[in-house]
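Here is the file model-v1.pdb (PDB, C-alpha atoms).
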```pdb
ATOM      1  CA  MET A 250     -10.758   5.229  -5.532  1.00  0.00           C
ATOM      2  CA  LYS A 251      -9.102   3.196  -2.762  1.00  0.00           C
ATOM      3  CA  ASP A 252     -12.572   2.497  -1.303  1.00  0.00           C
ATOM      4  CA  SER A 253     -13.788   1.017  -4.592  1.00  0.00           C
ATOM      5  CA  ILE A 254     -10.678  -1.166  -4.762  1.00  0.00           C
ATOM      6  CA  LYS A 255     -11.248  -2.243  -1.159  1.00  0.00           C
ATOM      7  CA  ASP A 256     -14.947  -2.950  -1.816  1.00  0.00           C
ATOM      8  CA  THR A 257     -14.140  -4.953  -4.957  1.00  0.00           C
ATOM      9  CA  ALA A 258     -11.450  -6.918  -3.112  1.00  0.00           C
ATOM     10  CA  ARG A 259     -13.797  -7.654  -0.182  1.00  0.00           C
ATOM     11  CA  LYS A 260     -16.502  -8.917  -2.568  1.00  0.00           C
ATOM     12  CA  LYS A 261     -14.038 -11.160  -4.387  1.00  0.00           C
ATOM     13  CA  LEU A 262     -12.788 -12.521  -1.047  1.00  0.00           C
ATOM     14  CA  ASP A 263     -16.377 -13.075   0.170  1.00  0.00           C
ATOM     15  CA  GLU A 264     -17.231 -15.032  -2.978  1.00  0.00           C
ATOM     16  CA  TYR A 265     -14.108 -17.196  -2.794  1.00  0.00           C
ATOM     17  CA  LEU A 266     -14.559 -18.017   0.896  1.00  0.00           C
ATOM     18  CA  ALA A 267     -18.238 -18.890   0.379  1.00  0.00           C
ATOM     19  CA  LEU A 268     -17.547 -21.072  -2.683  1.00  0.00           C
ATOM     20  CA  ASN A 269     -14.805 -22.961  -0.853  1.00  0.00           C
ATOM     21  CA  SER A 270     -16.631 -23.277   2.481  1.00  0.00           C
ATOM     22  CA  MET A 271     -13.928 -21.303   4.252  1.00  0.00           C
ATOM     23  CA  ARG A 272     -14.485 -19.138   7.311  1.00  0.00           C
ATOM     24  CA  LYS A 273     -14.795 -15.375   6.968  1.00  0.00           C
ATOM     25  CA  THR A 274     -12.307 -14.495   9.694  1.00  0.00           C
ATOM     26  CA  SER A 275     -11.775 -10.994  11.010  1.00  0.00           C
ATOM     27  CA  GLU A 276      -8.011 -11.478  10.509  1.00  0.00           C
ATOM     28  CA  ARG A 277      -8.411 -11.862   6.738  1.00  0.00           C
ATOM     29  CA  TYR A 278     -10.513  -8.727   6.462  1.00  0.00           C
ATOM     30  CA  HIS A 279      -8.268  -6.657   8.740  1.00  0.00           C
ATOM     31  CA  ILE A 280      -5.216  -7.685   6.712  1.00  0.00           C
ATOM     32  CA  LEU A 281      -7.001  -6.845   3.450  1.00  0.00           C
ATOM     33  CA  ASP A 282      -8.165  -3.458   4.764  1.00  0.00           C
ATOM     34  CA  ALA A 283      -4.683  -2.590   6.060  1.00  0.00           C
ATOM     35  CA  ALA A 284      -3.084  -3.597   2.743  1.00  0.00           C
ATOM     36  CA  CYS A 285      -5.576  -1.437   0.835  1.00  0.00           C
ATOM     37  CA  GLU A 286      -4.485   1.594   2.890  1.00  0.00           C
ATOM     38  CA  PHE A 287      -0.976   1.553   1.378  1.00  0.00           C
ATOM     39  CA  LYS A 288      -0.517   4.022  -1.471  1.00  0.00           C
ATOM     40  CA  SER A 289       2.450   2.105  -2.870  1.00  0.00           C
ATOM     41  CA  HIS A 290       4.470  -1.079  -2.427  1.00  0.00           C
ATOM     42  CA  PHE A 291       4.908  -2.468   1.078  1.00  0.00           C
ATOM     43  CA  THR A 292       6.714  -5.240   2.918  1.00  0.00           C
ATOM     44  CA  ILE A 293       5.259  -7.804   5.305  1.00  0.00           C
ATOM     45  CA  ASP A 294       6.975  -5.925   8.159  1.00  0.00           C
ATOM     46  CA  GLU A 295       5.255  -2.685   7.132  1.00  0.00           C
ATOM     47  CA  LEU A 296       1.911  -4.481   6.900  1.00  0.00           C
ATOM     48  CA  GLN A 297       2.341  -6.010  10.351  1.00  0.00           C
ATOM     49  CA  GLU A 298       3.385  -2.647  11.792  1.00  0.00           C
ATOM     50  CA  LYS A 299       0.283  -1.010  10.303  1.00  0.00           C
ATOM     51  CA  LEU A 300      -1.913  -3.721  11.813  1.00  0.00           C
ATOM     52  CA  ASP A 301      -0.230  -3.436  15.228  1.00  0.00           C
ATOM     53  CA  LYS A 302       0.075   0.332  15.560  1.00  0.00           C
ATOM     54  CA  GLU A 303      -2.670   1.885  13.462  1.00  0.00           C
ATOM     55  CA  THR A 304      -5.491  -0.627  13.732  1.00  0.00           C
ATOM     56  CA  HIS A 305      -4.386  -2.155  17.063  1.00  0.00           C
ATOM     57  CA  PHE A 306      -5.179  -5.576  15.650  1.00  0.00           C
ATOM     58  CA  LYS A 307      -2.564  -8.173  16.608  1.00  0.00           C
ATOM     59  CA  VAL A 308      -2.050 -10.899  14.024  1.00  0.00           C
ATOM     60  CA  SER A 309       0.671 -13.529  13.974  1.00  0.00           C
ATOM     61  CA  ARG A 310       3.288 -13.380  11.264  1.00  0.00           C
ATOM     62  CA  ALA A 311       2.217 -16.844  10.046  1.00  0.00           C
ATOM     63  CA  THR A 312      -1.374 -15.617   9.651  1.00  0.00           C
ATOM     64  CA  ILE A 313      -0.190 -12.611   7.669  1.00  0.00           C
ATOM     65  CA  TYR A 314       1.949 -14.755   5.346  1.00  0.00           C
ATOM     66  CA  ASN A 315      -0.824 -17.334   4.825  1.00  0.00           C
ATOM     67  CA  THR A 316      -3.407 -14.622   4.186  1.00  0.00           C
ATOM     68  CA  VAL A 317      -1.151 -12.749   1.760  1.00  0.00           C
ATOM     69  CA  LYS A 318      -0.530 -16.048  -0.053  1.00  0.00           C
ATOM     70  CA  LEU A 319      -4.309 -16.446  -0.415  1.00  0.00           C
ATOM     71  CA  PHE A 320      -4.647 -12.848  -1.655  1.00  0.00           C
ATOM     72  CA  ILE A 321      -1.941 -13.421  -4.268  1.00  0.00           C
ATOM     73  CA  MET A 322      -3.730 -16.545  -5.483  1.00  0.00           C
ATOM     74  CA  LEU A 323      -6.971 -14.523  -5.775  1.00  0.00           C
ATOM     75  CA  ARG A 324      -5.072 -11.719  -7.579  1.00  0.00           C
ATOM     76  CA  LEU A 325      -6.040  -9.272  -4.857  1.00  0.00           C
ATOM     77  CA  MET A 326      -2.334  -8.701  -4.273  1.00  0.00           C
ATOM     78  CA  VAL A 327       0.858  -8.967  -6.302  1.00  0.00           C
ATOM     79  CA  ARG A 328       4.301  -9.940  -5.019  1.00  0.00           C
ATOM     80  CA  HIS A 329       7.327  -8.189  -6.512  1.00  0.00           C
ATOM     81  CA  ARG A 330      10.986  -8.987  -6.035  1.00  0.00           C
ATOM     82  CA  PHE A 331      12.887  -5.728  -6.337  1.00  0.00           C
ATOM     83  CA  GLN A 332      16.650  -6.231  -6.117  1.00  0.00           C
ATOM     84  CA  GLY A 333      16.552  -8.840  -3.392  1.00  0.00           C
ATOM     85  CA  LYS A 334      13.628  -7.271  -1.515  1.00  0.00           C
ATOM     86  CA  THR A 335      10.139  -8.706  -1.581  1.00  0.00           C
ATOM     87  CA  LYS A 336       7.375  -6.122  -1.729  1.00  0.00           C
ATOM     88  CA  TYR A 337       3.655  -6.392  -2.228  1.00  0.00           C
ATOM     89  CA  GLU A 338       0.905  -4.218  -3.601  1.00  0.00           C
ATOM     90  CA  VAL A 339      -2.844  -4.430  -3.777  1.00  0.00           C
ATOM     91  CA  CYS A 340      -4.142  -5.041  -7.295  1.00  0.00           C
ATOM     92  CA  ASN A 341      -6.496  -2.422  -8.574  1.00  0.00           C
ATOM     93  CA  ILE A 342      -9.114  -3.019 -11.204  1.00  0.00           C
ATOM     94  CA  THR A 343      -6.585  -2.397 -13.983  1.00  0.00           C
ATOM     95  CA  SER A 344      -3.485  -4.101 -12.666  1.00  0.00           C
ATOM     96  CA  ASN A 345      -1.483  -3.372 -15.808  1.00  0.00           C
ATOM     97  CA  HIS A 346       1.403  -1.138 -14.906  1.00  0.00           C
ATOM     98  CA  CYS A 347       5.085  -0.453 -15.334  1.00  0.00           C
ATOM     99  CA  HIS A 348       7.827  -0.003 -12.742  1.00  0.00           C
ATOM    100  CA  GLN A 349      11.150   1.762 -13.055  1.00  0.00           C
ATOM    101  CA  LEU A 350      13.842   0.516 -10.672  1.00  0.00           C
ATOM    102  CA  CYS A 351      17.079   2.300  -9.852  1.00  0.00           C
ATOM    103  CA  THR A 352      19.888  -0.262  -9.816  1.00  0.00           C
ATOM    104  CA  ILE A 353      21.930   1.919  -7.448  1.00  0.00           C
ATOM    105  CA  CYS A 354      19.587   3.044  -4.647  1.00  0.00           C
ATOM    106  CA  GLY A 355      16.754   0.572  -5.240  1.00  0.00           C
ATOM    107  CA  LYS A 356      14.063   3.244  -5.591  1.00  0.00           C
ATOM    108  CA  VAL A 357      10.922   1.921  -7.284  1.00  0.00           C
ATOM    109  CA  SER A 358       8.335   4.105  -8.988  1.00  0.00           C
ATOM    110  CA  GLU A 359       5.448   3.387 -11.285  1.00  0.00           C
ATOM    111  CA  PHE A 360       4.806   5.017 -14.630  1.00  0.00           C
ATOM    112  CA  LYS A 361       2.026   4.868 -17.178  1.00  0.00           C
ATOM    113  CA  SER A 362       2.659   4.120 -20.811  1.00  0.00           C
ATOM    114  CA  PRO A 363      -0.379   4.037 -23.099  1.00  0.00           C
ATOM    115  CA  GLU A 364       1.844   2.702 -25.892  1.00  0.00           C
ATOM    116  CA  ILE A 365       2.938  -0.345 -23.879  1.00  0.00           C
ATOM    117  CA  THR A 366      -0.605  -0.930 -22.612  1.00  0.00           C
ATOM    118  CA  SER A 367      -1.880  -0.836 -26.191  1.00  0.00           C
ATOM    119  CA  ILE A 368       0.768  -3.296 -27.392  1.00  0.00           C
ATOM    120  CA  MET A 369      -0.010  -5.681 -24.530  1.00  0.00           C
ATOM    121  CA  ALA A 370      -3.767  -5.443 -25.197  1.00  0.00           C
ATOM    122  CA  ASP A 371      -3.164  -6.510 -28.808  1.00  0.00           C
ATOM    123  CA  LEU A 372      -0.826  -9.351 -27.821  1.00  0.00           C
ATOM    124  CA  HIS A 373      -2.362 -12.792 -28.308  1.00  0.00           C
ATOM    125  CA  LEU A 374      -0.483 -15.708 -26.789  1.00  0.00           C
ATOM    126  CA  LYS A 375      -1.117 -19.313 -27.786  1.00  0.00           C
ATOM    127  CA  ARG A 376      -3.048 -21.364 -25.275  1.00  0.00           C
ATOM    128  CA  PHE A 377      -2.861 -18.619 -22.653  1.00  0.00           C
ATOM    129  CA  ARG A 378      -5.388 -16.114 -21.334  1.00  0.00           C
ATOM    130  CA  THR A 379      -3.740 -12.889 -20.214  1.00  0.00           C
ATOM    131  CA  ASP A 380      -5.041 -11.294 -16.998  1.00  0.00           C
ATOM    132  CA  GLY A 381      -2.650  -8.372 -16.865  1.00  0.00           C
ATOM    133  CA  PHE A 382       0.994  -7.433 -16.965  1.00  0.00           C
ATOM    134  CA  THR A 383       3.759  -5.760 -15.000  1.00  0.00           C
ATOM    135  CA  LEU A 384       6.848  -4.376 -16.716  1.00  0.00           C
ATOM    136  CA  TYR A 385      10.154  -3.685 -14.945  1.00  0.00           C
ATOM    137  CA  VAL A 386      12.561  -1.151 -16.431  1.00  0.00           C
ATOM    138  CA  TYR A 387      16.002  -1.044 -14.797  1.00  0.00           C
ATOM    139  CA  GLY A 388      18.257   1.991 -14.862  1.00  0.00           C
ATOM    140  CA  VAL A 389      19.617   4.845 -12.765  1.00  0.00           C
ATOM    141  CA  CYS A 390      17.322   7.466 -11.187  1.00  0.00           C
ATOM    142  CA  SER A 391      18.014  11.188 -11.541  1.00  0.00           C
ATOM    143  CA  THR A 392      19.132  11.517  -7.901  1.00  0.00           C
ATOM    144  CA  CYS A 393      21.763   8.802  -8.306  1.00  0.00           C
ATOM    145  CA  GLN A 394      22.835  10.267 -11.676  1.00  0.00           C
ATOM    146  CA  ALA A 395      23.360  13.661  -9.993  1.00  0.00           C
ATOM    147  CA  ASN A 396      25.300  12.048  -7.128  1.00  0.00           C
ATOM    148  CA  MET A 397      27.545  10.183  -9.586  1.00  0.00           C
ATOM    149  CA  THR A 398      28.180  13.388 -11.564  1.00  0.00           C
ATOM    150  CA  ARG A 399      29.110  15.270  -8.369  1.00  0.00           C
ATOM    151  CA  LYS A 400      31.479  12.479  -7.296  1.00  0.00           C
ATOM    152  CA  LYS A 401      33.154  12.412 -10.730  1.00  0.00           C
ATOM    153  CA  SER A 402      33.560  16.195 -10.656  1.00  0.00           C
ATOM    154  CA  ALA A 403      35.046  16.071  -7.167  1.00  0.00           C
ATOM    155  CA  ILE A 404      37.501  13.329  -8.224  1.00  0.00           C
ATOM    156  CA  ARG A 405      38.530  15.308 -11.338  1.00  0.00           C
ATOM    157  CA  LYS A 406      39.016  18.435  -9.246  1.00  0.00           C
ATOM    158  CA  GLN A 407      41.046  16.505  -6.683  1.00  0.00           C
ATOM    159  CA  ASN A 408      43.205  14.946  -9.457  1.00  0.00           C
ATOM    160  CA  LYS A 409      43.865  18.396 -10.994  1.00  0.00           C
ATOM    161  CA  ASN A 410      44.972  19.736  -7.611  1.00  0.00           C
ATOM    162  CA  THR A 411      47.239  16.699  -7.102  1.00  0.00           C
ATOM    163  CA  ASP A 412      48.769  17.120 -10.584  1.00  0.00           C
ATOM    164  CA  LYS A 413      49.649  20.781  -9.915  1.00  0.00           C
ATOM    165  CA  LYS A 414      51.785  19.864  -6.874  1.00  0.00           C
TER
END
```
Same coordinates, now as structure tokens:
Amino acid sequence: MKDSIKDTARKKLDEYLALNSMRKTSERYHILDAACEFKSHFTIDELQEKLDKETHFKVSRATIYNTVKLFIMLRLMVRHRFQGKTKYEVCNITSNHCHQLCTICGKVSEFKSPEITSIMADLHLKRFRTDGFTLYVYGVCSTCQANMTRKKSAIRKQNKNTDKK
């Protein structure tokens, strides 16, 4: 499926560059290909590291930022701000999706909700054409919940031992 996303993204980029008389640089395509290799969200640092180490293609940080900005404008990529961190992801054909974010550890995971997708498909906004949506649900992940429970139990146990003395 990643190949079809990559092929679709390359075609969209080709069309845009041709329509706007822009050069089809190898940097743009290497950055797009590297971004499409990520299975989840990534940072600019992770993208640059992938380009440097895995593809051995050196690109300046300014080129990466400018290219990512172009990809966001073309809706090939989406920028997310998760608790003070900026992460990116490549848009797939159906870019409607939901994220759950742990407010303690910052873990981000995606989930599917046919009910929410259905509601959003039926939503009609005045003077606005909807392209897609992203929903953020904030809470506490199960790992952090377990850690908090263990800490509370340890504190209670410690307080009981202190009270007995």
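Once the PyMOL selection byres ((chain A and resi 263-269) around 12) is applied to the depicted file, the selected set reads Asp256, Thr257, Ala258, Arg259, Lys260, Lys261, Leu262, Ser270, Met271, Arg272, Lys273, Thr274, Ser275, Arg277, Tyr278, Leu281, Leu319, Phe320, Met322, Leu323, Arg324 and Leu325 of chain A.
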- Message: Give me the residues near range 301-309 of chain A as a list in words, where near means some atom within 8 Å (using all atoms listed in the file) and where sequence neighbours in that chain fewer than 4 positions away do not count.
- Response: Glu276, His279, Ala283, Gln297 and Ile313 of chain A
- Query: Interatomic distance between CA of Leu372 in chain A and CA of Val327 in chain A?
  - Reply: 21.6 Å
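The shortest atom-to-atom distance to Phe382 in chain A, with only C-alpha atoms taken into account, belongs to A:His348 out of A:Lys356, A:Lys400, A:His348, A:Lys406.
Take the candidates A:Tyr387, A:Glu338, A:Leu300, A:Thr411 and check each one against Cys354 in chain A using all atoms listed in the file; the shortest distance goes to A:Tyr387.
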- Query: A:Lys409, A:Arg378, A:His290, A:His373: which is nearest Met326 in chain A, counting only C-alpha atoms?
  - Reply: A:His290
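What separates CA of Gln394 in chain A from CA of Ile353 in chain A is a distance of 9.4 Å.
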- Item | Spatial neighbours of Leu350 in chain A, max dist 10 Å, all atoms listed in the file, sep filter under 6 positions, as a ChimeraX atom specification | /A:331-332,356-359,385-390
- Message: Report, in Å to a single decimal, how far apart CA of Ile368 in chain A and CA of Thr335 in chain A are.
- Response: 28.0 Å
- Message: Would you pick out the contacts of Thr383 in chain A at 8 Å or less, using only C-alpha atoms, so that residues sharing its chain but fewer than 6 positions from it are not included, and give the list as a VMD selection string?
- Response: chain A and resid 344 to 348
